[in-house]
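Report on the following structure.
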Amino acid sequence: MGVIIRQLDQEILIHYSGFTHFITLSLKQTLTVQNTLGATSLIRGDDVIYQNTYEGFIRSLSKNMTSKHAWKRRKFSLPNIGSIEGNGEQKRFHLHVCVQKPLNIPELIFQRHIISAAYGNPWIEKSDHAVNIAILATKEDAVRAIRYSLKHGLDRVLIA
């Protein structure tokens, strides 16, 4: 499960400037699932489902950044913070994600892995505009991205 950070941690987090990318992921509001007998049902997304979606996205992205042997030894996770935004009525649910790209991974490869991790998750939309990737070129960009993620408080902030 993701960790909900305390108020005191907010200032530490804001001053951490290692994040290199700000990603917005559009989420499905509902998902149709089929059981083994072929019956279908509609599941409405909620904070628990979207938290699991966030964790799965970060796990998939992190796994692609290391060798299979290293991944089996220790489950490395990229530095990250995210937030769930939306209420499903006036504003559609989506995730904001700040993540740090490993230095040894080329930019285009990293962006391909981001898209692949998103498209492999059933709760993330598969449309052309479902994944928005912004490069955080300066420390100020990173601080703005973190503040934007924290704009609604800490209730829906996640770290995987």
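Chain labels run A, B, ... following the order of the structure tokens; each chain numbers its residues from 1, and ligands are numbered from 1 in the order shown.
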
Exercise for review: Determine which residues of chain A receive a DSSP assignment of helix (DSSP H, G or I), computed from the backbone, and state them as a count of residues only.
Suggested key: 56

Residues within 10 Å of stretch 128-145 of chain A, please, as a PDB file with C-alpha atoms, in the first residue's frame. Count only C-alpha atoms; anything in the same chain fewer than 4 positions from it doesn't count.
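Done, and the output landed in part_29.pdb:
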```pdb
ATOM      1  CA  LEU A  13       9.330  16.552   0.157  1.00  0.00           C
ATOM      2  CA  ILE A  14       8.959  19.979  -1.456  1.00  0.00           C
ATOM      3  CA  HIS A  15      12.679  20.626  -1.009  1.00  0.00           C
ATOM      4  CA  TYR A  16      13.588  17.277  -2.573  1.00  0.00           C
ATOM      5  CA  SER A  17      14.383  18.279  -6.135  1.00  0.00           C
ATOM      6  CA  GLY A  18      15.480  14.963  -7.617  1.00  0.00           C
ATOM      7  CA  PHE A  19      12.292  14.409  -9.588  1.00  0.00           C
ATOM      8  CA  THR A  20      12.860  14.656 -13.336  1.00  0.00           C
ATOM      9  CA  HIS A  21       9.405  13.934 -14.776  1.00  0.00           C
ATOM     10  CA  PHE A  22       5.817  14.946 -14.049  1.00  0.00           C
ATOM     11  CA  ILE A  23       3.302  12.481 -15.482  1.00  0.00           C
ATOM     12  CA  THR A  24      -0.471  12.784 -15.671  1.00  0.00           C
ATOM     13  CA  LEU A  25      -2.349   9.517 -16.133  1.00  0.00           C
ATOM     14  CA  SER A  26      -6.030   9.570 -17.143  1.00  0.00           C
ATOM     15  CA  LEU A  27      -7.955   6.877 -15.278  1.00  0.00           C
ATOM     16  CA  LYS A  28     -10.963   4.851 -16.261  1.00  0.00           C
ATOM     17  CA  HIS A  94      -6.602  11.012 -12.810  1.00  0.00           C
ATOM     18  CA  LEU A  95      -3.163  10.556 -11.254  1.00  0.00           C
ATOM     19  CA  HIS A  96      -0.313  13.047 -11.013  1.00  0.00           C
ATOM     20  CA  VAL A  97       3.068  11.344 -10.679  1.00  0.00           C
ATOM     21  CA  CYS A  98       6.520  12.814 -10.004  1.00  0.00           C
ATOM     22  CA  VAL A  99       9.320  10.363 -10.682  1.00  0.00           C
ATOM     23  CA  GLN A 100      13.105  10.403 -11.005  1.00  0.00           C
ATOM     24  CA  LYS A 101      14.666   8.976 -14.178  1.00  0.00           C
ATOM     25  CA  GLU A 107      15.205   9.938 -22.286  1.00  0.00           C
ATOM     26  CA  GLN A 111       9.387   7.729 -21.950  1.00  0.00           C
ATOM     27  CA  ILE A 114       6.375   5.125 -18.955  1.00  0.00           C
ATOM     28  CA  ILE A 115       3.886   4.591 -21.781  1.00  0.00           C
ATOM     29  CA  ALA A 118       0.633   2.857 -18.276  1.00  0.00           C
ATOM     30  CA  TYR A 119      -0.826   0.830 -21.135  1.00  0.00           C
ATOM     31  CA  ILE A 124      -5.350   3.633 -17.048  1.00  0.00           C
ATOM     32  CA  SER A 149       0.433  17.385  -6.621  1.00  0.00           C
ATOM     33  CA  LEU A 150      -0.097  18.518  -3.017  1.00  0.00           C
ATOM     34  CA  LYS A 151      -2.591  21.288  -3.860  1.00  0.00           C
TER      35      LYS A 151
END
```

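The neighbours of stretch 50-67 of chain A here are the residues that come within 8 Å of it, using only C-alpha atoms and leaving out any residue fewer than 2 positions away in the same chain; they are Met1, Gly2, Gly45, Asp46, Asp47, Val48, His69, Ala70, Trp71, Lys75, Phe76, Ser77, Leu78, Asn80, Gly82, Ile84, Leu95, Pro102, Ile105, His113, Ile114, Ala117, Ala118, Asn121, Trp123, Ile124, Leu158, Ile159 and Ala160 of chain A.
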
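Note that the spacing between atom CA of A:Asn104 and atom CA of A:Ser116 amounts to 18.7 Å.
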
Practice item. Could you give me the residues within stretch 21-156 of chain A that DSSP places in strand (DSSP E), as a PyMOL selection string? Key: chain A and resi 21-26+30-34+40-44+80-85+94-99+131-135

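Closest approach to A:Thr30 among A:Arg74, A:Glu125, A:Tyr148, A:Lys91 is made by A:Glu125 (distances from only C-alpha atoms).
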
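Proximity to A:Ile49 was assessed for A:Pro122, A:Leu103, A:Lys72, A:Asn35 counting only C-alpha atoms; the smallest distance is recorded for A:Pro122.
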